[in-house]
Each structure stands twice: as C-alpha cells, then as structure tokens.
Amino acid sequence: MNIASTYSGGTLIATVDGALGTGSVSLLAGTVTLTLQGATNNYIADTATLSYVSGNAINPNFTGNETVSSLVVDGVAQAPGLYGAGALNPDGVFTGTGFIVVVPEPGTILMFGLGLGLLAGVNRFRHKRN
C-alpha cells in the first residue's frame, strides 16, 4: 500500500530507512521543519513526491543523496536535478550537507519521449501536406 504522509506543522526528524513511508510527503504549512539524518539515505520512497510551501525548512543532515521522483514547490513541479543548500534551493528552505535528487520514474521519461516523438511525427505530416 502506498500511503502518503502529510504534515501541517511542527518538527519531524527521520533517522531510518523508510521512516516517511512509501507514499508522497507533503509539508503543507510554512511552519514544518523536516530533518533527515543518520547513516541512511532512503528516508522517503524513491517513487514518492516531496511537496513543500515557502516557509518550511528541510534539513538533509547526512552525506550523500536522497532520491525522489518529483519535487513540488508552492504547487509548482520542479525540474529533475540536484536540490539542497549547495545546489538548487527554491524558496531557500534547504540547509544541511545532503541533497535531494529528483529523478522521474522511467515511465514518466518514456511517456515524455513518446509524446515528443508523436509531436514530431504530426509536425512532419503537416509540413508534407502543405
């Protein structure tokens, strides 16, 4: 079962693999502090979405990377990439030494590539008819 975790205030500290479950993690209010710390780097499921709003604090207090399939900031999906205090840092919420890596699920990448291929085919067909 894929259970989402929603937090609307307070401090949350995750210290073990899978601490935040198998579903998406949403920090809904601007008063949530999320700390990821310990010797592990799999607090959030790799297939999950991490969502937050301005005013939250996210402290990846570990060495290395935590992988998620998507990142949503203030309701806007972010591009794949490296996020953290020393990388992309939307709203300036990230502190700490670790990073959040956004890697879309292979199905998302496949569908994006398929869509681009279909669009190119349609454009090619339109140009041939003119």
# chains A, B, ... in the order shown; residues from 1 in each chain; ligands from 1
call {"tool": "residues_around", "arguments": {"residues": "Thr97 in chain A", "least_positions_apart": "5", "cutoff": "9 Å", "atoms": "only C-alpha atoms", "output": "list in words"}}
result
Asn59, Pro60, Asn61, Phe62, Thr63, Gly64, Gly84, Ala85 and Gly86 of chain A
call {"tool": "residues_around", "arguments": {"residues": "Val32 in chain A", "least_positions_apart": "2", "cutoff": "12 Å", "atoms": "only C-alpha atoms", "output": "ChimeraX atom specification"}}
result
/A:6-13,25-30,34-35,51-59,93
call {"tool": "atom_distance", "arguments": {"atom1": "CA of Asp74 in chain A", "atom2": "CA of Thr15 in chain A"}}
result
25.9 Å
call {"tool": "residues_around", "arguments": {"residues": "Asn65 in chain A", "least_positions_apart": "2", "cutoff": "8 Å", "atoms": "only C-alpha atoms", "output": "PyMOL selection string"}}
result
chain A and resi 41+63+67+98-101
call {"tool": "residues_around", "arguments": {"residues": "Glu105 in chain A", "least_positions_apart": "6", "cutoff": "9 Å", "atoms": "only C-alpha atoms", "output": "list in words"}}
result
Asp46, Thr47, Val68, Ser69 and Ser70 of chain A
call {"tool": "write_last_selection", "arguments": {"atoms": "C-alpha atoms", "output": "PDB file, in the first residue's frame"}}
result
ATOM      1  CA  ASP A  46      12.301   6.758  -4.429  1.00  0.00           C
ATOM      2  CA  THR A  47       8.935   6.793  -6.231  1.00  0.00           C
ATOM      3  CA  VAL A  68      12.549  11.193  -5.070  1.00  0.00           C
ATOM      4  CA  SER A  69      10.592  11.010  -8.327  1.00  0.00           C
ATOM      5  CA  SER A  70       9.331  14.596  -8.164  1.00  0.00           C
TER       6      SER A  70
END
call {"tool": "atom_distance", "arguments": {"atom1": "CA of Leu36 in chain A", "atom2": "CA of Ala14 in chain A"}}
result
5.0 Å
call {"tool": "atom_distance", "arguments": {"atom1": "CA of Thr33 in chain A", "atom2": "CA of Thr95 in chain A"}}
result
10.7 Å
call {"tool": "residues_around", "arguments": {"residues": "Gly81 in chain A", "least_positions_apart": "5", "cutoff": "8 Å", "atoms": "only C-alpha atoms", "output": "PyMOL selection string"}}
result
chain A and resi 88+101-103
call {"tool": "write_last_selection", "arguments": {"atoms": "N, CA and C atoms", "output": "mmCIF file, in the first residue's frame"}}
result
data_model
loop_
_atom_site.group_PDB
_atom_site.id
_atom_site.type_symbol
_atom_site.label_atom_id
_atom_site.label_comp_id
_atom_site.auth_asym_id
_atom_site.auth_seq_id
_atom_site.Cartn_x
_atom_site.Cartn_y
_atom_site.Cartn_z
ATOM 1 N N LEU A 88 20.400 23.670 -6.276
ATOM 2 C CA LEU A 88 19.138 24.391 -6.452
ATOM 3 C C LEU A 88 18.427 24.448 -5.105
ATOM 4 N N VAL A 101 17.692 14.455 -4.761
ATOM 5 C CA VAL A 101 17.855 14.284 -6.199
ATOM 6 C C VAL A 101 16.501 13.914 -6.785
ATOM 7 N N VAL A 102 16.050 14.712 -7.745
ATOM 8 C CA VAL A 102 14.767 14.451 -8.396
ATOM 9 C C VAL A 102 15.044 13.694 -9.694
ATOM 10 N N VAL A 103 14.580 12.446 -9.722
ATOM 11 C CA VAL A 103 14.747 11.575 -10.887
ATOM 12 C C VAL A 103 13.373 11.012 -11.216
#
call {"tool": "closest_residue", "arguments": {"among": "A:Thr49, A:Gln37, A:Gln78, A:Asn42", "to": "Gly23 in chain A", "atoms": "only C-alpha atoms"}}
result
A:Thr49
